Structures are given as C-alpha cells and as structure tokens.
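*Asks:* Input: one structure, supplied below.
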Amino acid sequence: MCGIVGYVGRKSLVPVIVEGLRRLEYRGYDSAGIAVGSADRATLEVRRASGKLGNLEEVLRARPLDGTFGIGHTRWATHGRPTEENAHPHRDCSGRIVVVHNGIVENYLELKKELTAQGHKFVTETDTEIIAHLIEQIQKEAEAAGAPVALEKAVRLAARRLTGAFALGVLSAAEPNKIIAARQGPPVVIGVGEDESFVASDVPGILHHTRNIYFLADGDMAVLRPEGVALTDFDGQPVNRAITRVQWDPIQAEKGGFKHFMLKEIWEQPRAIRETTMGRVSLDTGNVFLGEMEISDDELAHAESINIAACGTSWHAALTGKYMIERLARLPVDVDYASEYRYRDPIAGPNALGLLITQSGETADTLAAQREMKALGSKTVAICNVVGAMVAREAHGAIYTHAGPEIGVASTKAFTAQLTALFLLALKLGQLRGSLNVEQRLALIEALGHVPAIIEGVLKNCSGQCEQLSKEFSTARDFLYLGRGIHFPIALEGALKLKEISYIHAEGYPAGEMKHGPNALIDETLPVVVLATRDERDPASKLRYEKTLSNIQEVTARSGRVIAVATEGDKTIGTLVEHVIEIPSAIELLSPLIEIVPLQLLAYYIAVRRGCDVDQPRNLAKSVTVE
C-alpha cells in the first residue's frame with residue numbers, strides 16, 4: 001500500500017520526488033522519507049519523518065537536499081510502528097545502499113537471523129531493512145570471490161531469495177545515476193521522459209512529468225538511467241513491455257477548488273458514468289460493445305455461471321451486479337470476498353466465468369482469487385479503473401471504467417463507474433443469451449443515459465440537506481442502514497462510507513432481517529438510514545417498497561430516528577419518518593447509482609463536522625497490495 005517515487009535526470013530532484021509522494025500519499029501516510037545521491041558524491045543522504053508528508057517537508061526545509069538521482073517513500077505500516085526510525089528508505093551497514101519497499105517479506109525473520117550471524121547490525125523493526133543488508137552481503141561475497149557484481153545483479157539475486165510481496169526501489173552510492181526497481185506483487189510503473197526516467201507505485205505520482213509508462217509485471221526488474229530504461233526478469237533475461245500512453249489529464253488528480261478529493265470525486269460521478277458508457281452502446285440496435293476481450297461472444301453466451309470476487313466497496317458493487325446480471329441475463333452469480341475465495345475450495349471450471357472487480361487492478365486478494373479461478377479452468381474478466389493494471393493483464397478480457405484517478409481513500413466515483421460497467425455487462429449477456437430483445441435493451445440503454453443528469457440534480461438538491469443533517473447526527477455513536485433486494489448492497493456501502501471516514505460504527509442490514517436480532521439495538525439515540533425508493537412500473541419494486549414501509553414502522557415504534565431515501569413525490573413516507581431525502585424516480589436496476597450519492601454526501605459532511613481526515617482516514621490505504 002506504500003507509495004514509491006524515484007527520479008534520475010536533469011530536473012531539480014527533490015521537488016519531483018516530494019510532489020510525486022504528495023500525489024501518492026493516499027497509499028500510506030504513517031511516515032515518509034527520501035534518499036538522494038549525485039555523481040560527484042560518494043554518499044547517499046537520507047531524510048525521514050514520522051507522520052504525514054508535511055513533516056518530511058519540514059525536515060527538508062531545515063536540512064535541504066539536492067542531487068541527480070533519488071527515491072522517496074510514503075509508508076502504510078505493516079512491520080514496525082510508524083516511527084521515524086522505521087520510516088523508509090532503509091540502509092545497509094555501510095549506509096551506501098538504500099532500499100524502499102512496498103509489500104511484506106514473509107521470510108524476513110529467517111533472513112534476518114542469517115544476516116545477523118554474518119555480522120549485520122539491524123536498527124529498525126521493519127522487514128524492509130533486511131533487503132538492504134541482503135544486497136550488501138551479496139555484493140560483499142561476490143567481491144571477496146574476485147567477481148564483483150553490479151547493483152542490478154545483486155538486486156536480482158536478493159529478489160530471488162525473498163518470499164512474499166514486494167515492490168522495490170534501490171540506490172547505491174557506488175553506482176550513481178542509476179535506480180533499480182523490481183516487482184513481485186505490488187504495482188510498479190516506470191515513466192520515460194527526455195533524458196530522464198521515473199519510477200512510482202502508481203501513475204499519479206509521475207503523470208505531471210510523463211504520460212509514457214511501462215507497467216511492470218510480476219518478476220520484472222527495471223534499471224533506470226537518464227538515457228533510458230532496461231527491463232529484465234529476475235534471471236537477467238531481457239523482457240519486452242509495451243509503453244502505454246496514459247490519457248488521464250493530470251488536472252483530474254487535483255482538487256479543483258473542492259475542499260477534499262472525496263467531495264470532488266463525488267461530484268465527478270456523472271462524468272465517470274458517461275465516460276464508462278461512451279462508445280459501448282448503440283442507440284440504433286440496442287447492442288453493447290465490450291472491447292479488450294479475448295473471450296468470444298459464443299463463450300460468453302454459453303457460460304453456465306459467473307463467480308465474482310472483490311474487496312470492500314468493489315464487493316458491494318459485485319453484490320449489486322449479481323442482481324443486474326441475474327435479472328437481465330438469467331445467469332446464476334456467486335459473489336465472494338476475494339480474501340476468502342481461494343481458502344474455501346471453490347467450485348469453478350471452464351463453464352464458469354470469473355469476474356474480478358477492483359479500482360486499482362492491483363489488490364493482492366483479488367489477484368489471488370483471479371489466479372485460483374484460472375487454475376480451476378475459468379476464463380476471467382476484470383472490471384478495473386487503471387489501464388494496464390495487473391488484474392487486466394492477467395484476464396481474458398477487461399472492462400475499463402474510465403473514472404479517472406481516484407485519490408480519496410474512500411471510493412466514490414469508482415463505485416458508480418463499476419455499477420455502470422456491471423450494468424453494461426448484464427446487458428451484453430442478456431443480448432447474447434437472448435433474454436433481452438432489442439426493444440428491452442434500447443429502453444434500458446436510454447434509462448442509463450439519463451442517470452448522469454439525474455445524479456447532477458441530486459448533487460445540487462441534496463448537498464445542502466445532507467450538510468444540515470450532519471449537524472444533527474454527527475455525534476451519534478452508531479448508525480444502521482437498511483435496504484431490500486438490490487438496495488441492500490447500497491445500505492452496506494453507505495454504512496462503509498460512514499465508518500471509513502467518520503469513525504462512527506455503522507452496519508448495513510437487509511431490512512427484513514431486523515427482527516432477527518438488530519431490532520434490539522434500536523432506541524431514541526439510533527439513526528437508521530432506510531432506502532425506500534420505488535419504481536411504479538415494476539411490481540416487484542412496489543412489493544419491496546411496501547415491505548420496507550413495514551420495517552420503517554418497526555423502527556419508529558421503538559423510537560429509532562429514521563432518515564429515509566425516498567422517491568420524489570412520495571407522500572406516504574413523510575408521514576412516517578423524521579427526515580426524508582428525495583431523489584428522482586429511476587428503473588429499479590439503476591436506482592443504486594442514484595441512491596448512493598446522498599449516502600456519500602451524508603458520510604462526507606458528518607466526517608467533516610467531526611474534524612476527521614476525510615481523504616486519508618486513519619489505518620487505511622487506497623490500494624491494498626498485501627494480504
């Protein structure tokens with residue numbers, strides 16, 4: 001989850017690295033550090049600080065650095081407390097080799113014991129420090145044998161001894177103007193410029209300087225020099241990776257006048273939905289076009305089931321997608337937490353389609369689930385926001401969401417873009433399986449086309465109300481969120497948003513399950529958010545709505561304080577509850593894209609009122625690249 005940025009070239013070095021770290025601070029903000037070297041010096045200088053990046057900037061103002069090559073790191077702690085001592089970069093005994101690392105070295109205790117016996121002294125609690133000492137030991141032994149090895153070979157040999165997940169950046173004072181990067185699990189991107197090279201954990205860290213990016217695969221290593229980049233595998237064999245021209249506008253990663261990235265990204269959802277839909281539907285034929293597919297239409301049509309694996313917010317999108325796919329394509333869908341999938345002896349095979357949903361495309365648990373599906377014979381499709389990410393490269397097909405960079409740790413626009421992609425997939429499967437005729441598909445596509453404008457209206461009309469509600473409910477200790485059917489995953493997602501950024505305990509439940517235990521929690525202090533929308537054209541929706549009204553009455557009879565998200569013009573709901581947030585009517589399967597918006601806004605304004613760090617909530621990171 002940590003952020004890495006490295007640079008070698010002609011620009012002023014420290015500003016490039018610090019700016020890149022600031023853009024990657026969503027990946028971790030427990031501590032930060034930087035190491036810098038120069039061709040005219042035989043040393044590497046290191047500065048580190050605990051806490052957020054601003055603390056490191058204070059250190060750099062007091063003790064400035066400059067050079068021609070360097071690397072920085074912002075940390076999400078796994079091994080060792082978030083102290084200055086444990087901050088990266090870490091050094092070997094001589095201080096002439098430094099390492100930054102994202103991931104977990106699972107055999108670090110074994111290696112540490114071995115290196116300690118060889119005379120190495122360790123000064124931190126981290127697993128990363130052993131990597132610097134291991135590289136030092138490899139070079140020391142090679143030199144003693146009369147066959148010195150260059151830094152890149154020493155890193156290759158060290159990488160082959162590590163088990164676990166790691167992305168590495170390595171410098172040596174003895175080999176200036178060179179950075180070594182290696183990947184086994186967590187993401188690594190390499191940027192290519194004119195007489196300069198960059199390495200980072202994610203595209204936003206270097207996008208202001210270059211759009212020409214190599215995405216490293218597992219087992220890849222890169223040697224960066226000002227004049228270019230050489231790619232090999234861990235055996236030293238050259239590998240070919242195509243340069244990807246990233247189309248994101250760097251301004252998309254700026255706040256653009258909003259107080260927080262999260263609020264900006266909430267307001268960007270209409271654009272994200274339009275971008276995800278664009279070019280994928282025909283208003284003439286009702287057909288859906290999904291590119292980036294090695295799976296034939298015939299294979300999709302004859303799939304007997306779909307297994308979806310995802311984590312966090314993406315798992316809530318998967319649950320929503322299950323309703324969409326089963327309703328429109330009449331195809332059974334199972335949804336798993338990616339972290340549990342491979343541990344339950346899953347049933348899959350050539351007739352089952354594997355579907356992975358992930359914003360970053362680098363989530364470790366989701367990648368592991370994908371590999372398990374493939375090992376069982378399933379072809380896989382990835383729904384992903386990052387072009388060229390590992391999950392997409394390993395899949396037989398990809399549906400990119402085109403939401404643009406999402407910086408806030410709590411996902412918003414990526415979620416609605418995932419729901420859009422799932423709806424398109426459901427339409428495609430319905431088209432191929434014959435469960436939807438042309439008229440039905442055209443009606444659904446038209447309805448999807450109206451959603452961005454509807455959300456724009458919700459943002460304008462509901463923001464003030466949600467801010468007002470935050471004044472009343474920001475001191476609550478607990479929240480419940482209720483929904484039925486396709487609205488239940490949105491209740492889960494609304495609860496997750498609140499707990500992530502405000503630190504209020506919140507739970508989502510199927511509304512009908514309240515009587516099986518959670519009713520015991522209801523009293524006059526408990527806010528209960530209920531999704532109570534309806535689609536008058538859909539008999540099942542009307543029945544669900546009536547049952548939800550009964551659940552609301554169960555809550556109010558026990559003095560619970562209900563906030564209902566309801567359809568505009570609903571006169572009944574206002575007589576039953578304390579607060580109503582009205583949203584426009586939509587077809588049942590698309591209402592989740594609209595319903596989630598006021599829940600995101602409510603969570604945001606409550607967190608702001610509580611003084612929480614909205615974009616960087618404690619103990620969380622954006623991209624979870626370790627198990």
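Ordered as shown in the structure tokens, chains take letters A, B, and onward, while each chain numbers its residues from 1 and ligands are numbered from 1 in the order shown.
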Find the residues around segment 67-74 of chain A up to 8 Å (only C-alpha atoms counted), leave out those fewer than 5 positions away in its own chain, and share them as a CSV table (one decimal) with N, CA and C atoms, in the first residue's frame.
*Replies:*
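As a result, part_25.csv now contains:
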chain,number,residue,atom,x,y,z
A,2,CYS,N,2.1,1.2,0.3
A,2,CYS,CA,3.0,2.3,0.4
A,2,CYS,C,3.2,3.0,-1.0
A,3,GLY,N,3.7,4.2,-0.9
A,3,GLY,CA,3.9,4.9,-2.2
A,3,GLY,C,5.4,5.1,-2.4
A,4,ILE,N,5.8,4.9,-3.6
A,4,ILE,CA,7.2,5.0,-4.0
A,4,ILE,C,7.3,5.9,-5.2
A,5,VAL,N,8.3,6.9,-5.2
A,5,VAL,CA,8.6,7.7,-6.3
A,5,VAL,C,10.1,7.8,-6.4
A,6,GLY,N,10.7,7.6,-7.6
A,6,GLY,CA,12.1,7.8,-7.8
A,6,GLY,C,12.3,8.5,-9.1
A,7,TYR,N,13.5,9.2,-9.2
A,7,TYR,CA,13.8,10.0,-10.4
A,7,TYR,C,15.3,10.1,-10.6
A,8,VAL,N,15.7,10.0,-11.9
A,8,VAL,CA,17.0,10.2,-12.3
A,8,VAL,C,17.0,11.0,-13.6
A,9,GLY,N,17.7,12.2,-13.6
A,9,GLY,CA,17.6,13.0,-14.8
A,9,GLY,C,18.1,14.4,-14.5
A,10,ARG,N,17.6,15.4,-15.2
A,10,ARG,CA,18.2,16.7,-15.2
A,10,ARG,C,17.3,17.7,-14.4
A,11,LYS,N,16.1,17.4,-14.0
A,11,LYS,CA,15.3,18.3,-13.2
A,11,LYS,C,15.8,18.4,-11.8
A,12,SER,N,15.4,19.5,-11.1
A,12,SER,CA,15.6,19.6,-9.6
A,12,SER,C,15.0,18.4,-8.9
A,13,LEU,N,15.8,17.6,-8.3
A,13,LEU,CA,15.4,16.3,-7.9
A,13,LEU,C,14.3,16.2,-6.8
A,14,VAL,N,14.6,16.9,-5.7
A,14,VAL,CA,13.7,16.8,-4.5
A,14,VAL,C,12.3,17.3,-4.8
A,17,ILE,N,10.4,14.4,-6.5
A,17,ILE,CA,10.0,13.3,-5.6
A,17,ILE,C,9.0,13.7,-4.6
A,18,VAL,N,9.1,14.8,-4.0
A,18,VAL,CA,8.1,15.2,-2.9
A,18,VAL,C,6.8,15.5,-3.6
A,21,LEU,N,5.3,12.1,-4.2
A,21,LEU,CA,4.8,11.5,-2.9
A,21,LEU,C,3.5,12.1,-2.5
A,24,LEU,N,0.8,10.5,-4.1
A,24,LEU,CA,0.6,9.1,-3.7
A,24,LEU,C,0.4,8.9,-2.2
A,25,GLU,N,0.2,10.0,-1.5
A,25,GLU,CA,0.0,9.9,-0.1
A,25,GLU,C,-1.2,9.1,0.3
A,27,ARG,N,-1.8,6.3,-0.6
A,27,ARG,CA,-1.4,4.9,-0.4
A,27,ARG,C,-0.8,4.6,1.0
A,28,GLY,N,-0.5,5.7,1.7
A,28,GLY,CA,0.0,5.5,3.1
A,28,GLY,C,0.5,6.8,3.6
A,29,TYR,N,0.3,7.0,4.9
A,29,TYR,CA,0.7,8.3,5.4
A,29,TYR,C,1.1,8.2,6.9
A,30,ASP,N,1.8,7.1,7.2
A,30,ASP,CA,2.3,6.9,8.6
A,30,ASP,C,3.6,7.5,8.8
A,31,SER,N,4.4,7.6,7.7
A,31,SER,CA,5.8,8.2,7.8
A,31,SER,C,6.2,8.4,6.3
A,32,ALA,N,7.3,9.1,6.2
A,32,ALA,CA,7.8,9.4,4.8
A,32,ALA,C,9.3,9.6,4.9
A,33,GLY,N,10.0,9.4,3.7
A,33,GLY,CA,11.4,9.6,3.7
A,33,GLY,C,11.9,9.7,2.3
A,34,ILE,N,13.2,10.2,2.1
A,34,ILE,CA,13.8,10.4,0.8
A,34,ILE,C,15.3,10.1,0.9
A,35,ALA,N,15.8,9.6,-0.1
A,35,ALA,CA,17.3,9.4,-0.2
A,35,ALA,C,17.8,10.0,-1.6
A,36,VAL,N,18.9,10.7,-1.5
A,36,VAL,CA,19.4,11.4,-2.7
A,36,VAL,C,20.9,11.2,-2.9
A,37,GLY,N,21.3,11.0,-4.1
A,37,GLY,CA,22.7,10.9,-4.4
A,37,GLY,C,23.1,11.7,-5.6
A,38,SER,N,24.4,11.8,-5.9
A,38,SER,CA,24.9,12.6,-7.0
A,38,SER,C,26.1,12.0,-7.6
A,39,ALA,N,26.3,12.2,-8.8
A,39,ALA,CA,27.5,11.6,-9.5
A,39,ALA,C,28.8,12.1,-8.9
A,53,LEU,N,3.3,13.6,5.1
A,53,LEU,CA,4.4,14.1,4.3
A,53,LEU,C,4.8,15.5,4.7
A,88,HIS,N,11.0,4.6,5.7
A,88,HIS,CA,11.9,4.3,4.6
A,88,HIS,C,12.5,5.6,4.1
A,89,PRO,N,13.6,5.6,3.4
A,89,PRO,CA,14.4,4.5,3.0
A,89,PRO,C,15.2,3.8,4.1
A,100,VAL,N,13.8,1.2,-0.7
A,100,VAL,CA,12.4,1.5,-0.3
A,100,VAL,C,11.6,0.3,-0.8
A,169,GLY,N,12.6,-0.3,-4.7
A,169,GLY,CA,13.4,0.7,-5.3
A,169,GLY,C,14.8,0.8,-4.6
A,171,LEU,N,19.0,2.2,-4.5
A,171,LEU,CA,20.1,3.0,-4.9
A,171,LEU,C,21.4,2.6,-4.3
A,176,PRO,N,26.3,5.7,-9.2
A,176,PRO,CA,25.4,6.9,-9.3
A,176,PRO,C,24.6,6.9,-10.6
A,177,ASN,N,23.5,7.8,-10.5
A,177,ASN,CA,22.6,8.0,-11.7
A,177,ASN,C,22.0,6.7,-12.2
A,178,LYS,N,21.6,5.8,-11.2
A,178,LYS,CA,21.0,4.5,-11.5
A,178,LYS,C,20.0,4.2,-10.4
A,179,ILE,N,18.8,3.8,-10.8
A,179,ILE,CA,17.8,3.3,-9.8
A,179,ILE,C,17.4,1.9,-10.3
*Asks:* Give the helix (DSSP H, G or I) residues of segment 307-550 of chain A, as assigned by DSSP on the backbone, as number ranges by chain.
*Replies:* A: 312-329, 338-341, 364-375, 390-394, 413-433, 438-473, 485-502, 511-516, 518-521, 539-550
*Asks:* As a list in words, please: the residues near Glu536 of chain A (cut-off 9 Å, only C-alpha atoms, same-chain neighbours under 3 positions excluded).
*Replies:* Pro539, Ser541, Lys542, Ser585 and Ile587 of chain A
*Asks:* Write out as a CSV table (one decimal) with C-alpha atoms, in the first residue's frame the residues lying within 10 Å of Ser591 of chain A, counting only C-alpha atoms and excluding same-chain residues fewer than 2 positions away.
*Replies:*
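Saved to result30.csv:
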chain,number,residue,atom,x,y,z
A,451,VAL,CA,-28.6,8.6,-14.9
A,486,ILE,CA,-30.7,-4.6,-4.9
A,487,HIS,CA,-30.8,-1.8,-2.4
A,490,ILE,CA,-26.2,0.1,-1.2
A,533,THR,CA,-37.4,4.2,-3.2
A,534,ARG,CA,-39.8,2.6,-5.6
A,535,ASP,CA,-40.3,2.1,-9.3
A,567,THR,CA,-38.7,8.7,-4.5
A,583,ILE,CA,-34.3,11.5,-5.3
A,584,PRO,CA,-35.9,11.2,-8.7
A,585,SER,CA,-37.5,8.0,-9.9
A,586,ALA,CA,-35.5,5.5,-11.9
A,587,ILE,CA,-35.8,1.9,-13.0
A,588,GLU,CA,-35.1,-0.5,-10.2
A,589,LEU,CA,-31.8,-1.8,-11.5
A,593,LEU,CA,-26.3,4.5,-8.8
A,594,ILE,CA,-28.5,7.4,-7.7
A,595,GLU,CA,-29.3,6.2,-4.1
A,596,ILE,CA,-25.6,6.0,-3.1
*Asks:* Measuring atom to atom with only C-alpha atoms, identify which of A:Gly236, A:Gly95, A:Pro518, A:Pro405 is nearest to Lys153 of chain A.
*Replies:*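 The closest residue to Lys153 of chain A is A:Gly236.
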*Asks:* Closest to Gln247 of chain A among A:His133, A:Ile213, A:Glu57, A:Ala375, using only C-alpha atoms?
*Replies:*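 The closest residue to Gln247 of chain A is A:Ile213.
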*Asks:* Set the distance at 10 Å and use only C-alpha atoms: which residues neighbour Lys428 of chain A once local chain neighbours fewer than 2 positions away are removed? I'd like the list as a list of chain:residue names.
*Replies:* A:Arg280, A:Val281, A:Gly286, A:Asn287, A:Val288, A:Phe289, A:Leu290, A:Asp297, A:Leu300, A:Ala301, A:Ile325, A:Leu328, A:Ala329, A:Leu422, A:Phe423, A:Leu424, A:Leu425, A:Ala426, A:Gly430, A:Gln431, A:Leu432, A:Arg433, A:Gly434, A:Leu436, A:Arg441
*Asks:* Which distance in Å separates atom CA of Leu283 of chain A and atom CA of Val438 of chain A, to one decimal?
*Replies:*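 Answer for the atom CA of Leu283 of chain A to atom CA of Val438 of chain A separation: 10.2 Å.
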*Asks:* Determine, for each residue of segment 283-304 of chain A having at least one atom at most 9 Å from an atom of segment 385-397 of chain A, the closest pair of atoms and their separation in Å to one decimal, counting only C-alpha atoms; order by chain and ascending number, as CSV.
*Replies:*
residue,atom,partner,partner_atom,distance
A:Leu290,CA,A:Gly397,CA,8.9
A:Gly291,CA,A:Gly397,CA,7.9
A:Glu292,CA,A:Gly397,CA,5.4
A:Met293,CA,A:Gly397,CA,4.0
A:Glu294,CA,A:His396,CA,5.2
A:Ile295,CA,A:His396,CA,6.2
*Asks:* Suppose we keep all heavy atoms; can you now write the selection as a PDB file, in the first residue's frame?
*Replies:*
ATOM      1  N   LEU A 290     -18.184  -4.493 -25.887  1.00  0.00           N
ATOM      2  CA  LEU A 290     -17.154  -4.534 -24.854  1.00  0.00           C
ATOM      3  C   LEU A 290     -15.842  -4.943 -25.509  1.00  0.00           C
ATOM      4  O   LEU A 290     -15.668  -6.091 -25.920  1.00  0.00           O
ATOM      5  CB  LEU A 290     -17.536  -5.519 -23.738  1.00  0.00           C
ATOM      6  CG  LEU A 290     -18.847  -5.221 -23.006  1.00  0.00           C
ATOM      7  CD1 LEU A 290     -19.121  -6.294 -21.965  1.00  0.00           C
ATOM      8  CD2 LEU A 290     -18.827  -3.839 -22.352  1.00  0.00           C
ATOM      9  N   GLY A 291     -14.933  -3.991 -25.636  1.00  0.00           N
ATOM     10  CA  GLY A 291     -13.638  -4.293 -26.241  1.00  0.00           C
ATOM     11  C   GLY A 291     -12.723  -4.986 -25.252  1.00  0.00           C
ATOM     12  O   GLY A 291     -13.133  -5.412 -24.165  1.00  0.00           O
ATOM     13  N   GLU A 292     -11.453  -5.090 -25.632  1.00  0.00           N
ATOM     14  CA  GLU A 292     -10.430  -5.696 -24.769  1.00  0.00           C
ATOM     15  C   GLU A 292     -10.824  -7.110 -24.340  1.00  0.00           C
ATOM     16  O   GLU A 292     -10.550  -7.529 -23.226  1.00  0.00           O
ATOM     17  CB  GLU A 292     -10.212  -4.832 -23.512  1.00  0.00           C
ATOM     18  CG  GLU A 292      -9.937  -3.366 -23.780  1.00  0.00           C
ATOM     19  CD  GLU A 292      -8.545  -3.103 -24.291  1.00  0.00           C
ATOM     20  OE1 GLU A 292      -7.683  -3.991 -24.143  1.00  0.00           O
ATOM     21  OE2 GLU A 292      -8.320  -2.034 -24.851  1.00  0.00           O
ATOM     22  N   MET A 293     -11.469  -7.855 -25.231  1.00  0.00           N
ATOM     23  CA  MET A 293     -11.952  -9.194 -24.884  1.00  0.00           C
ATOM     24  C   MET A 293     -11.288 -10.265 -25.748  1.00  0.00           C
ATOM     25  O   MET A 293     -11.321 -10.185 -26.977  1.00  0.00           O
ATOM     26  CB  MET A 293     -13.473  -9.289 -25.070  1.00  0.00           C
ATOM     27  CG  MET A 293     -14.288  -8.571 -24.034  1.00  0.00           C
ATOM     28  SD  MET A 293     -14.313  -9.482 -22.471  1.00  0.00           S
ATOM     29  CE  MET A 293     -15.400  -8.422 -21.521  1.00  0.00           C
ATOM     30  N   GLU A 294     -10.694 -11.239 -25.069  1.00  0.00           N
ATOM     31  CA  GLU A 294     -10.224 -12.436 -25.769  1.00  0.00           C
ATOM     32  C   GLU A 294     -11.255 -13.551 -25.675  1.00  0.00           C
ATOM     33  O   GLU A 294     -11.060 -14.630 -26.215  1.00  0.00           O
ATOM     34  CB  GLU A 294      -8.898 -12.914 -25.157  1.00  0.00           C
ATOM     35  CG  GLU A 294      -7.751 -11.920 -25.290  1.00  0.00           C
ATOM     36  CD  GLU A 294      -6.511 -12.373 -24.537  1.00  0.00           C
ATOM     37  OE1 GLU A 294      -6.440 -13.566 -24.178  1.00  0.00           O
ATOM     38  OE2 GLU A 294      -5.635 -11.536 -24.301  1.00  0.00           O
ATOM     39  N   ILE A 295     -12.353 -13.289 -24.969  1.00  0.00           N
ATOM     40  CA  ILE A 295     -13.433 -14.257 -24.829  1.00  0.00           C
ATOM     41  C   ILE A 295     -14.455 -13.996 -25.927  1.00  0.00           C
ATOM     42  O   ILE A 295     -14.920 -12.860 -26.093  1.00  0.00           O
ATOM     43  CB  ILE A 295     -14.103 -14.141 -23.448  1.00  0.00           C
ATOM     44  CG1 ILE A 295     -13.051 -14.298 -22.340  1.00  0.00           C
ATOM     45  CG2 ILE A 295     -15.197 -15.186 -23.284  1.00  0.00           C
ATOM     46  CD1 ILE A 295     -13.593 -14.049 -20.957  1.00  0.00           C
TER      47      ILE A 295
END
*Asks:* Find, counting only C-alpha atoms, the residue in A:Met278, A:Asp613, A:Ile190, A:Met262 that gets nearest to Ala230 of chain A.
*Replies:* A:Ile190
*Asks:* Once DSSP has gone over the backbone, tell me which residues of segment 290-517 of chain A are in strand (DSSP E), as a ChimeraX atom specification.
*Replies:* /A:305-310,333-337,352-358,379-384,397-400,478-483,505-510
*Asks:* Select, from A:Ala557, A:Ala414, A:Ala369, A:Ala511, the residue with the minimum atom-to-atom distance to Arg544 of chain A, counting only C-alpha atoms.
*Replies:*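 Result for the nearest residue to Arg544 of chain A: A:Ala511.
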*Asks:* Point out the residue among A:Leu168, A:Glu554, A:Ala318, A:Arg225 with the least atom-to-atom distance to Gly193 of chain A, counting only C-alpha atoms.
*Replies:*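 Comparing A:Leu168, A:Glu554, A:Ala318, A:Arg225 against Gly193 of chain A, the winner is A:Arg225.
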*Asks:* Name the residues in contact with segment 472-475 of chain A at a cut-off of 10 Å, using only C-alpha atoms, excluding same-chain residues fewer than 2 positions from it; report them as number ranges by chain.
*Replies:* A: 467-470, 477-479, 502, 504, 525-527, 561, 602-603, 605-610
*Asks:* Can you list, as number ranges by chain, every protein, DNA or RNA residue that comes within 12 Å of Glu456 of chain A when you count only C-alpha atoms, leaving out same-chain residues fewer than 6 positions away?
*Replies:* A: 266-274, 450, 462-463, 583-584, 593-594, 597-598
